[in-house]
Structure formats: structure tokens, C-alpha cells
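**Student:** Contents of run-v4.pdb (PDB, N, CA and C atoms, pLDDT in the B column) are given next:
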ATOM      1  N   MET A   1     107.283 112.647  74.981  1.00 45.00           N
ATOM      2  CA  MET A   1     107.083 112.301  76.376  1.00 45.00           C
ATOM      3  C   MET A   1     106.051 113.254  76.981  1.00 45.00           C
ATOM      4  N   GLU A   2     105.130 112.719  77.752  1.00 50.00           N
ATOM      5  CA  GLU A   2     104.087 113.519  78.368  1.00 50.00           C
ATOM      6  C   GLU A   2     104.617 114.217  79.613  1.00 50.00           C
ATOM      7  N   THR A   3     104.189 115.435  79.792  1.00 54.00           N
ATOM      8  CA  THR A   3     104.556 116.151  81.003  1.00 54.00           C
ATOM      9  C   THR A   3     103.524 115.840  82.082  1.00 54.00           C
ATOM     10  N   THR A   4     103.823 116.269  83.292  1.00 53.00           N
ATOM     11  CA  THR A   4     102.912 116.040  84.407  1.00 53.00           C
ATOM     12  C   THR A   4     101.605 116.778  84.195  1.00 53.00           C
ATOM     13  N   ASP A   5     101.691 117.983  83.611  1.00 53.00           N
ATOM     14  CA  ASP A   5     100.482 118.758  83.368  1.00 53.00           C
ATOM     15  C   ASP A   5      99.550 118.033  82.403  1.00 53.00           C
ATOM     16  N   ASP A   6     100.120 117.403  81.353  1.00 52.00           N
ATOM     17  CA  ASP A   6      99.303 116.657  80.398  1.00 52.00           C
ATOM     18  C   ASP A   6      98.635 115.466  81.067  1.00 52.00           C
ATOM     19  N   THR A   7      99.372 114.779  81.917  1.00 51.00           N
ATOM     20  CA  THR A   7      98.825 113.625  82.629  1.00 51.00           C
ATOM     21  C   THR A   7      97.703 114.050  83.562  1.00 51.00           C
ATOM     22  N   GLU A   8      97.896 115.174  84.277  1.00 49.00           N
ATOM     23  CA  GLU A   8      96.871 115.660  85.198  1.00 49.00           C
ATOM     24  C   GLU A   8      95.614 116.062  84.442  1.00 49.00           C
ATOM     25  N   LYS A   9      95.767 116.672  83.276  1.00 55.00           N
ATOM     26  CA  LYS A   9      94.605 117.076  82.493  1.00 55.00           C
ATOM     27  C   LYS A   9      93.835 115.865  81.993  1.00 55.00           C
ATOM     28  N   LYS A  10      94.534 114.807  81.626  1.00 58.00           N
ATOM     29  CA  LYS A  10      93.868 113.590  81.160  1.00 58.00           C
ATOM     30  C   LYS A  10      93.110 112.914  82.294  1.00 58.00           C
ATOM     31  N   ASN A  11      93.705 112.858  83.459  1.00 58.00           N
ATOM     32  CA  ASN A  11      93.075 112.190  84.602  1.00 58.00           C
ATOM     33  C   ASN A  11      91.955 113.027  85.207  1.00 58.00           C
ATOM     34  N   GLY A  12      92.018 114.334  85.050  1.00 67.00           N
ATOM     35  CA  GLY A  12      90.988 115.195  85.594  1.00 67.00           C
ATOM     36  C   GLY A  12      91.222 115.627  87.021  1.00 67.00           C
ATOM     37  N   LEU A  13      92.157 115.027  87.712  1.00 69.00           N
ATOM     38  CA  LEU A  13      92.469 115.395  89.085  1.00 69.00           C
ATOM     39  C   LEU A  13      93.935 115.764  89.189  1.00 69.00           C
ATOM     40  N   SER A  14      94.190 116.848  89.886  1.00 74.00           N
ATOM     41  CA  SER A  14      95.585 117.190  90.126  1.00 74.00           C
ATOM     42  C   SER A  14      95.962 116.747  91.535  1.00 74.00           C
ATOM     43  N   ALA A  15      97.232 116.664  91.779  1.00 70.00           N
ATOM     44  CA  ALA A  15      97.715 116.224  93.090  1.00 70.00           C
ATOM     45  C   ALA A  15      97.276 117.187  94.185  1.00 70.00           C
ATOM     46  N   LYS A  16      97.271 118.470  93.865  1.00 75.00           N
ATOM     47  CA  LYS A  16      96.853 119.454  94.860  1.00 75.00           C
ATOM     48  C   LYS A  16      95.378 119.287  95.201  1.00 75.00           C
ATOM     49  N   ASP A  17      94.548 118.976  94.204  1.00 80.00           N
ATOM     50  CA  ASP A  17      93.120 118.774  94.457  1.00 80.00           C
ATOM     51  C   ASP A  17      92.883 117.568  95.361  1.00 80.00           C
ATOM     52  N   VAL A  18      93.598 116.492  95.095  1.00 77.00           N
ATOM     53  CA  VAL A  18      93.454 115.284  95.914  1.00 77.00           C
ATOM     54  C   VAL A  18      93.889 115.565  97.349  1.00 77.00           C
ATOM     55  N   SER A  19      94.992 116.273  97.520  1.00 77.00           N
ATOM     56  CA  SER A  19      95.477 116.587  98.867  1.00 77.00           C
ATOM     57  C   SER A  19      94.508 117.497  99.605  1.00 77.00           C
ATOM     58  N   LEU A  20      93.968 118.481  98.892  1.00 81.00           N
ATOM     59  CA  LEU A  20      93.006 119.389  99.513  1.00 81.00           C
ATOM     60  C   LEU A  20      91.756 118.635  99.941  1.00 81.00           C
ATOM     61  N   LYS A  21      91.267 117.760  99.094  1.00 84.00           N
ATOM     62  CA  LYS A  21      90.079 116.983  99.440  1.00 84.00           C
ATOM     63  C   LYS A  21      90.337 116.073 100.633  1.00 84.00           C
ATOM     64  N   SER A  22      91.527 115.492 100.717  1.00 83.00           N
ATOM     65  CA  SER A  22      91.830 114.631 101.860  1.00 83.00           C
ATOM     66  C   SER A  22      91.895 115.429 103.155  1.00 83.00           C
ATOM     67  N   MET A  23      92.403 116.654 103.094  1.00 85.00           N
ATOM     68  CA  MET A  23      92.446 117.494 104.287  1.00 85.00           C
ATOM     69  C   MET A  23      91.039 117.900 104.723  1.00 85.00           C
ATOM     70  N   ILE A  24      90.186 118.189 103.753  1.00 89.00           N
ATOM     71  CA  ILE A  24      88.801 118.544 104.075  1.00 89.00           C
ATOM     72  C   ILE A  24      88.080 117.356 104.702  1.00 89.00           C
ATOM     73  N   VAL A  25      88.275 116.174 104.122  1.00 90.00           N
ATOM     74  CA  VAL A  25      87.636 114.971 104.664  1.00 90.00           C
ATOM     75  C   VAL A  25      88.111 114.705 106.087  1.00 90.00           C
ATOM     76  N   SER A  26      89.403 114.865 106.341  1.00 90.00           N
ATOM     77  CA  SER A  26      89.909 114.610 107.694  1.00 90.00           C
ATOM     78  C   SER A  26      89.388 115.651 108.687  1.00 90.00           C
ATOM     79  N   ALA A  27      89.247 116.904 108.255  1.00 91.00           N
ATOM     80  CA  ALA A  27      88.697 117.937 109.140  1.00 91.00           C
ATOM     81  C   ALA A  27      87.235 117.647 109.466  1.00 91.00           C
ATOM     82  N   VAL A  28      86.468 117.222 108.464  1.00 94.00           N
ATOM     83  CA  VAL A  28      85.065 116.865 108.698  1.00 94.00           C
ATOM     84  C   VAL A  28      84.981 115.647 109.612  1.00 94.00           C
ATOM     85  N   TRP A  29      85.862 114.676 109.387  1.00 92.00           N
ATOM     86  CA  TRP A  29      85.919 113.463 110.217  1.00 92.00           C
ATOM     87  C   TRP A  29      86.108 113.828 111.689  1.00 92.00           C
ATOM     88  N   ILE A  30      87.088 114.672 111.966  1.00 93.00           N
ATOM     89  CA  ILE A  30      87.369 115.086 113.340  1.00 93.00           C
ATOM     90  C   ILE A  30      86.187 115.857 113.918  1.00 93.00           C
ATOM     91  N   SER A  31      85.615 116.760 113.141  1.00 94.00           N
ATOM     92  CA  SER A  31      84.497 117.578 113.626  1.00 94.00           C
ATOM     93  C   SER A  31      83.274 116.733 113.960  1.00 94.00           C
ATOM     94  N   VAL A  32      82.905 115.845 113.045  1.00 94.00           N
ATOM     95  CA  VAL A  32      81.710 115.029 113.254  1.00 94.00           C
ATOM     96  C   VAL A  32      81.880 114.107 114.459  1.00 94.00           C
ATOM     97  N   LEU A  33      83.025 113.458 114.564  1.00 93.00           N
ATOM     98  CA  LEU A  33      83.233 112.548 115.698  1.00 93.00           C
ATOM     99  C   LEU A  33      83.326 113.296 117.026  1.00 93.00           C
ATOM    100  N   THR A  34      83.876 114.500 117.006  1.00 93.00           N
ATOM    101  CA  THR A  34      83.950 115.296 118.228  1.00 93.00           C
ATOM    102  C   THR A  34      82.556 115.713 118.682  1.00 93.00           C
ATOM    103  N   ILE A  35      81.730 116.141 117.744  1.00 93.00           N
ATOM    104  CA  ILE A  35      80.352 116.520 118.074  1.00 93.00           C
ATOM    105  C   ILE A  35      79.571 115.297 118.546  1.00 93.00           C
ATOM    106  N   ALA A  36      79.768 114.165 117.877  1.00 92.00           N
ATOM    107  CA  ALA A  36      79.085 112.935 118.293  1.00 92.00           C
ATOM    108  C   ALA A  36      79.504 112.541 119.706  1.00 92.00           C
ATOM    109  N   LYS A  37      80.782 112.683 120.014  1.00 91.00           N
ATOM    110  CA  LYS A  37      81.273 112.350 121.355  1.00 91.00           C
ATOM    111  C   LYS A  37      80.663 113.290 122.394  1.00 91.00           C
ATOM    112  N   ALA A  38      80.523 114.573 122.039  1.00 90.00           N
ATOM    113  CA  ALA A  38      79.967 115.545 122.981  1.00 90.00           C
ATOM    114  C   ALA A  38      78.499 115.250 123.286  1.00 90.00           C
ATOM    115  N   PHE A  39      77.734 114.854 122.280  1.00 91.00           N
ATOM    116  CA  PHE A  39      76.311 114.603 122.482  1.00 91.00           C
ATOM    117  C   PHE A  39      75.979 113.153 122.817  1.00 91.00           C
ATOM    118  N   TRP A  40      76.990 112.304 122.859  1.00 90.00           N
ATOM    119  CA  TRP A  40      76.774 110.889 123.140  1.00 90.00           C
ATOM    120  C   TRP A  40      76.168 110.674 124.531  1.00 90.00           C
ATOM    121  N   VAL A  41      76.480 111.547 125.455  1.00 86.00           N
ATOM    122  CA  VAL A  41      75.965 111.435 126.821  1.00 86.00           C
ATOM    123  C   VAL A  41      74.445 111.544 126.827  1.00 86.00           C
ATOM    124  N   LEU A  42      73.886 112.358 125.930  1.00 90.00           N
ATOM    125  CA  LEU A  42      72.441 112.521 125.872  1.00 90.00           C
ATOM    126  C   LEU A  42      71.738 111.316 125.254  1.00 90.00           C
ATOM    127  N   ILE A  43      72.466 110.573 124.421  1.00 87.00           N
ATOM    128  CA  ILE A  43      71.879 109.468 123.681  1.00 87.00           C
ATOM    129  C   ILE A  43      71.982 108.150 124.436  1.00 87.00           C
ATOM    130  N   SER A  44      73.107 107.907 125.069  1.00 87.00           N
ATOM    131  CA  SER A  44      73.360 106.593 125.657  1.00 87.00           C
ATOM    132  C   SER A  44      74.011 106.727 127.030  1.00 87.00           C
ATOM    133  N   ASP A  45      73.826 105.689 127.826  1.00 86.00           N
ATOM    134  CA  ASP A  45      74.471 105.640 129.135  1.00 86.00           C
ATOM    135  C   ASP A  45      75.901 105.130 129.038  1.00 86.00           C
ATOM    136  N   LYS A  46      76.215 104.454 127.944  1.00 87.00           N
ATOM    137  CA  LYS A  46      77.558 103.909 127.750  1.00 87.00           C
ATOM    138  C   LYS A  46      78.507 105.014 127.294  1.00 87.00           C
ATOM    139  N   THR A  47      79.803 104.783 127.468  1.00 86.00           N
ATOM    140  CA  THR A  47      80.787 105.757 127.019  1.00 86.00           C
ATOM    141  C   THR A  47      80.997 105.643 125.512  1.00 86.00           C
ATOM    142  N   PHE A  48      81.418 106.745 124.910  1.00 88.00           N
ATOM    143  CA  PHE A  48      81.695 106.764 123.471  1.00 88.00           C
ATOM    144  C   PHE A  48      82.911 105.886 123.199  1.00 88.00           C
ATOM    145  N   GLY A  49      82.926 105.197 122.088  1.00 88.00           N
ATOM    146  CA  GLY A  49      83.953 104.203 121.795  1.00 88.00           C
ATOM    147  C   GLY A  49      85.345 104.740 121.556  1.00 88.00           C
ATOM    148  N   LEU A  50      85.483 106.020 121.206  1.00 87.00           N
ATOM    149  CA  LEU A  50      86.798 106.581 120.896  1.00 87.00           C
ATOM    150  C   LEU A  50      87.144 107.702 121.854  1.00 87.00           C
ATOM    151  N   THR A  51      88.424 107.800 122.192  1.00 90.00           N
ATOM    152  CA  THR A  51      88.885 108.931 122.985  1.00 90.00           C
ATOM    153  C   THR A  51      89.202 110.089 122.048  1.00 90.00           C
ATOM    154  N   MET A  52      89.366 111.273 122.589  1.00 92.00           N
ATOM    155  CA  MET A  52      89.698 112.431 121.750  1.00 92.00           C
ATOM    156  C   MET A  52      91.048 112.240 121.071  1.00 92.00           C
ATOM    157  N   ASN A  53      91.987 111.614 121.766  1.00 94.00           N
ATOM    158  CA  ASN A  53      93.292 111.347 121.158  1.00 94.00           C
ATOM    159  C   ASN A  53      93.153 110.463 119.925  1.00 94.00           C
ATOM    160  N   GLU A  54      92.305 109.444 120.017  1.00 93.00           N
ATOM    161  CA  GLU A  54      92.095 108.544 118.875  1.00 93.00           C
ATOM    162  C   GLU A  54      91.399 109.252 117.720  1.00 93.00           C
ATOM    163  N   ILE A  55      90.447 110.130 118.029  1.00 91.00           N
ATOM    164  CA  ILE A  55      89.730 110.864 116.979  1.00 91.00           C
ATOM    165  C   ILE A  55      90.686 111.788 116.230  1.00 91.00           C
ATOM    166  N   VAL A  56      91.447 112.565 116.963  1.00 92.00           N
ATOM    167  CA  VAL A  56      92.374 113.511 116.329  1.00 92.00           C
ATOM    168  C   VAL A  56      93.480 112.773 115.591  1.00 92.00           C
ATOM    169  N   LEU A  57      94.014 111.732 116.196  1.00 93.00           N
ATOM    170  CA  LEU A  57      95.079 110.966 115.559  1.00 93.00           C
ATOM    171  C   LEU A  57      94.603 110.324 114.251  1.00 93.00           C
ATOM    172  N   SER A  58      93.400 109.787 114.242  1.00 91.00           N
ATOM    173  CA  SER A  58      92.894 109.191 112.999  1.00 91.00           C
ATOM    174  C   SER A  58      92.702 110.235 111.912  1.00 91.00           C
ATOM    175  N   GLY A  59      92.254 111.436 112.276  1.00 90.00           N
ATOM    176  CA  GLY A  59      92.122 112.513 111.290  1.00 90.00           C
ATOM    177  C   GLY A  59      93.467 112.960 110.753  1.00 90.00           C
ATOM    178  N   ILE A  60      94.455 113.068 111.611  1.00 88.00           N
ATOM    179  CA  ILE A  60      95.801 113.462 111.189  1.00 88.00           C
ATOM    180  C   ILE A  60      96.403 112.405 110.274  1.00 88.00           C
ATOM    181  N   ILE A  61      96.185 111.155 110.602  1.00 88.00           N
ATOM    182  CA  ILE A  61      96.722 110.068 109.770  1.00 88.00           C
ATOM    183  C   ILE A  61      96.070 110.082 108.390  1.00 88.00           C
ATOM    184  N   MET A  62      94.759 110.345 108.342  1.00 85.00           N
ATOM    185  CA  MET A  62      94.094 110.411 107.031  1.00 85.00           C
ATOM    186  C   MET A  62      94.691 111.522 106.175  1.00 85.00           C
ATOM    187  N   ALA A  63      94.983 112.666 106.771  1.00 82.00           N
ATOM    188  CA  ALA A  63      95.582 113.771 106.015  1.00 82.00           C
ATOM    189  C   ALA A  63      97.037 113.467 105.672  1.00 82.00           C
ATOM    190  N   ALA A  64      97.756 112.803 106.571  1.00 81.00           N
ATOM    191  CA  ALA A  64      99.175 112.521 106.351  1.00 81.00           C
ATOM    192  C   ALA A  64      99.404 111.480 105.267  1.00 81.00           C
ATOM    193  N   VAL A  65      98.421 110.645 105.024  1.00 81.00           N
ATOM    194  CA  VAL A  65      98.564 109.638 103.971  1.00 81.00           C
ATOM    195  C   VAL A  65      98.801 110.310 102.617  1.00 81.00           C
ATOM    196  N   PHE A  66      98.215 111.487 102.432  1.00 72.00           N
ATOM    197  CA  PHE A  66      98.348 112.177 101.157  1.00 72.00           C
ATOM    198  C   PHE A  66      99.467 113.213 101.149  1.00 72.00           C
ATOM    199  N   SER A  67     100.244 113.330 102.224  1.00 69.00           N
ATOM    200  CA  SER A  67     101.350 114.284 102.244  1.00 69.00           C
ATOM    201  C   SER A  67     102.476 113.933 101.272  1.00 69.00           C
ATOM    202  N   PRO A  68     102.712 112.656 100.946  1.00 66.00           N
ATOM    203  CA  PRO A  68     103.731 112.377  99.935  1.00 66.00           C
ATOM    204  C   PRO A  68     103.410 112.997  98.578  1.00 66.00           C
ATOM    205  N   VAL A  69     102.151 113.312  98.336  1.00 68.00           N
ATOM    206  CA  VAL A  69     101.778 113.978  97.091  1.00 68.00           C
ATOM    207  C   VAL A  69     102.483 115.321  97.012  1.00 68.00           C
ATOM    208  N   TYR A  70     102.472 116.073  98.108  1.00 66.00           N
ATOM    209  CA  TYR A  70     103.167 117.355  98.121  1.00 66.00           C
ATOM    210  C   TYR A  70     104.670 117.167  97.982  1.00 66.00           C
ATOM    211  N   LEU A  71     105.216 116.153  98.616  1.00 69.00           N
ATOM    212  CA  LEU A  71     106.645 115.892  98.512  1.00 69.00           C
ATOM    213  C   LEU A  71     107.030 115.588  97.068  1.00 69.00           C
ATOM    214  N   SER A  72     106.211 114.819  96.367  1.00 70.00           N
ATOM    215  CA  SER A  72     106.514 114.503  94.973  1.00 70.00           C
ATOM    216  C   SER A  72     106.457 115.739  94.098  1.00 70.00           C
ATOM    217  N   ILE A  73     105.545 116.661  94.392  1.00 71.00           N
ATOM    218  CA  ILE A  73     105.467 117.919  93.634  1.00 71.00           C
ATOM    219  C   ILE A  73     106.746 118.720  93.836  1.00 71.00           C
ATOM    220  N   ILE A  74     107.201 118.816  95.081  1.00 73.00           N
ATOM    221  CA  ILE A  74     108.412 119.592  95.385  1.00 73.00           C
ATOM    222  C   ILE A  74     109.632 118.960  94.724  1.00 73.00           C
ATOM    223  N   LEU A  75     109.759 117.644  94.816  1.00 75.00           N
ATOM    224  CA  LEU A  75     110.906 116.974  94.201  1.00 75.00           C
ATOM    225  C   LEU A  75     110.880 117.119  92.686  1.00 75.00           C
ATOM    226  N   GLU A  76     109.707 117.117  92.082  1.00 76.00           N
ATOM    227  CA  GLU A  76     109.601 117.297  90.640  1.00 76.00           C
ATOM    228  C   GLU A  76     110.039 118.705  90.224  1.00 76.00           C
ATOM    229  N   LYS A  77     109.678 119.703  91.032  1.00 77.00           N
ATOM    230  CA  LYS A  77     110.094 121.078  90.741  1.00 77.00           C
ATOM    231  C   LYS A  77     111.607 121.197  90.836  1.00 77.00           C
ATOM    232  N   ILE A  78     112.216 120.567  91.845  1.00 82.00           N
ATOM    233  CA  ILE A  78     113.683 120.611  91.991  1.00 82.00           C
ATOM    234  C   ILE A  78     114.347 119.936  90.795  1.00 82.00           C
ATOM    235  N   LYS A  79     113.794 118.816  90.361  1.00 78.00           N
ATOM    236  CA  LYS A  79     114.333 118.107  89.206  1.00 78.00           C
ATOM    237  C   LYS A  79     114.254 118.972  87.939  1.00 78.00           C
ATOM    238  N   ASP A  80     113.127 119.666  87.768  1.00 77.00           N
ATOM    239  CA  ASP A  80     112.969 120.554  86.614  1.00 77.00           C
ATOM    240  C   ASP A  80     113.960 121.712  86.651  1.00 77.00           C
ATOM    241  N   ILE A  81     114.247 122.224  87.838  1.00 79.00           N
ATOM    242  CA  ILE A  81     115.205 123.320  87.967  1.00 79.00           C
ATOM    243  C   ILE A  81     116.607 122.837  87.613  1.00 79.00           C
ATOM    244  N   LYS A  82     116.984 121.646  88.068  1.00 74.00           N
ATOM    245  CA  LYS A  82     118.317 121.109  87.767  1.00 74.00           C
ATOM    246  C   LYS A  82     118.485 120.825  86.287  1.00 74.00           C
ATOM    247  N   ILE A  83     117.438 120.286  85.645  1.00 75.00           N
ATOM    248  CA  ILE A  83     117.515 119.947  84.226  1.00 75.00           C
ATOM    249  C   ILE A  83     117.431 121.195  83.354  1.00 75.00           C
ATOM    250  N   GLY A  84     116.488 122.059  83.668  1.00 63.00           N
ATOM    251  CA  GLY A  84     116.228 123.221  82.819  1.00 63.00           C
ATOM    252  C   GLY A  84     117.028 124.388  83.210  1.00 63.00           C
TER     253      GLY A  84
END
Any chance you could give the structure as C-alpha cells?

**Tutor:**
Amino acid sequence: METTDDTEKKNGLSAKDVSLKSMIVSAVWISVLTIAKAFWVLISDKTFGLTMNEIVLSGIIMAAVFSPVYLSIILEKIKDIKIG
């Protein structure tokens, strides 16, 4: 039977790497849209399409989508402790 470490090595990506990348992407998402909203007044007379609440909420949701990855890691460690 393959262990999780063997599976991660075959796939090339670990769960922690995927979660870290998703957090970085969401932070960049929030930063870029916030800067765009700040400078939108100089570019156009119309209001920016998103409110700050929507920008932050969308970034949090993008990061939260990958939070079950951490939960699965923790549950796997607990399972290993009970078995071993």
C-alpha cells in the first residue's frame, strides 16, 4: 500500500504547497484589485465594479477553498497516531 508521502512524490505537489500557493494567489488578488480600485478614479468617471467587501470576501473564499487540505493533513496525522 502506498503512503501519502509516496503519492505526493509521484504527483510532484504536496498539499502544503497547493495551500500555500492558493494563499499567495488570494493575497495578490486582493492587492491588485485594491490598487485598481484606488486608481480607478484617475482612469474613469464611472465607479469601480466591486466594493472593498466584495474584493476581500472573494480573496478569503479563494483561500478557504483549499483549507480542507489542511484539515485532511491533521486528520491523517491523528489516524496515524491511533494506528501506530

**Student:** Using Å and a single decimal, report how far atom N of A:Ile35 sits from atom CA of A:Ile60.

**Tutor:**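 Distance between the two atoms: 15.8 Å.
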
**Student:** With a distance cut-off of 8 Å and all atoms listed in the file, select the neighbouring residues of stretch 49-53 of chain A, excluding the residue or stretch itself and same-chain residues fewer than 3 positions from it, and output the selection as JSON, numbers by chain.

**Tutor:** {"A": [33, 34, 37, 46, 56, 57, 58, 59]}

**Student:** Restrict the selected residues to N, CA and C atoms and save them as a CSV table (one decimal), keeping the file's coordinate frame.

**Tutor:**
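Okay, part22.csv is ready:
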chain,number,residue,atom,x,y,z
A,33,LEU,N,83.0,113.5,114.6
A,33,LEU,CA,83.2,112.5,115.7
A,33,LEU,C,83.3,113.3,117.0
A,34,THR,N,83.9,114.5,117.0
A,34,THR,CA,84.0,115.3,118.2
A,34,THR,C,82.6,115.7,118.7
A,37,LYS,N,80.8,112.7,120.0
A,37,LYS,CA,81.3,112.4,121.4
A,37,LYS,C,80.7,113.3,122.4
A,46,LYS,N,76.2,104.5,127.9
A,46,LYS,CA,77.6,103.9,127.8
A,46,LYS,C,78.5,105.0,127.3
A,56,VAL,N,91.4,112.6,117.0
A,56,VAL,CA,92.4,113.5,116.3
A,56,VAL,C,93.5,112.8,115.6
A,57,LEU,N,94.0,111.7,116.2
A,57,LEU,CA,95.1,111.0,115.6
A,57,LEU,C,94.6,110.3,114.3
A,58,SER,N,93.4,109.8,114.2
A,58,SER,CA,92.9,109.2,113.0
A,58,SER,C,92.7,110.2,111.9
A,59,GLY,N,92.3,111.4,112.3
A,59,GLY,CA,92.1,112.5,111.3
A,59,GLY,C,93.5,113.0,110.8

**Student:** At a cut-off of 12 Å, using only C-alpha atoms, what residues contact A:Ile61? Leave out same-chain residues fewer than 3 positions from it and give the result as a ChimeraX atom specification.

**Tutor:** /A:22-23,25-27,29-30,53-58,64-67

**Student:** Measure the distance from atom CA of A:Lys21 to atom CA of A:Met62 in Å and round it to one decimal.

**Tutor:**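 Between atom CA of A:Lys21 and atom CA of A:Met62 the gap is 10.8 Å.
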
**Student:** Have a look at atom CA of A:Ile24 and atom CA of A:Phe39 and let me know their distance in Å, one decimal.

**Tutor:** 22.6 Å

**Student:** For each of A:Thr47, A:Trp40, A:Lys77, A:Ala63, take the minimum atom-to-atom distance to A:Ser19, counting all atoms listed in the file, then give the residue where this is smallest.

**Tutor:**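 The closest residue to A:Ser19 is A:Ala63.
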
**Student:** Give as a list in words every residue, naming chains and numbers as the document does, that has an atom within 5 Å of (81.9, 111.1, 121.5), counting only N, CA and C atoms.

**Tutor:**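 The residues that fall inside the cut-off are Ala36, Lys37, Ala38 and Phe48 of chain A.
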
**Student:** I'd like the box whose edges run along x, y and z of the file and which contains every listed atom of stretch 54-57 of chain A, padded by 4 Å per side; could you state its centre and edge lengths in Å, one decimal, as lines of an AutoDock Vina configuration file?

**Tutor:**
center_x = 92.4
center_y = 111.0
center_z = 117.1
size_x = 13.3
size_y = 13.0
size_z = 13.8
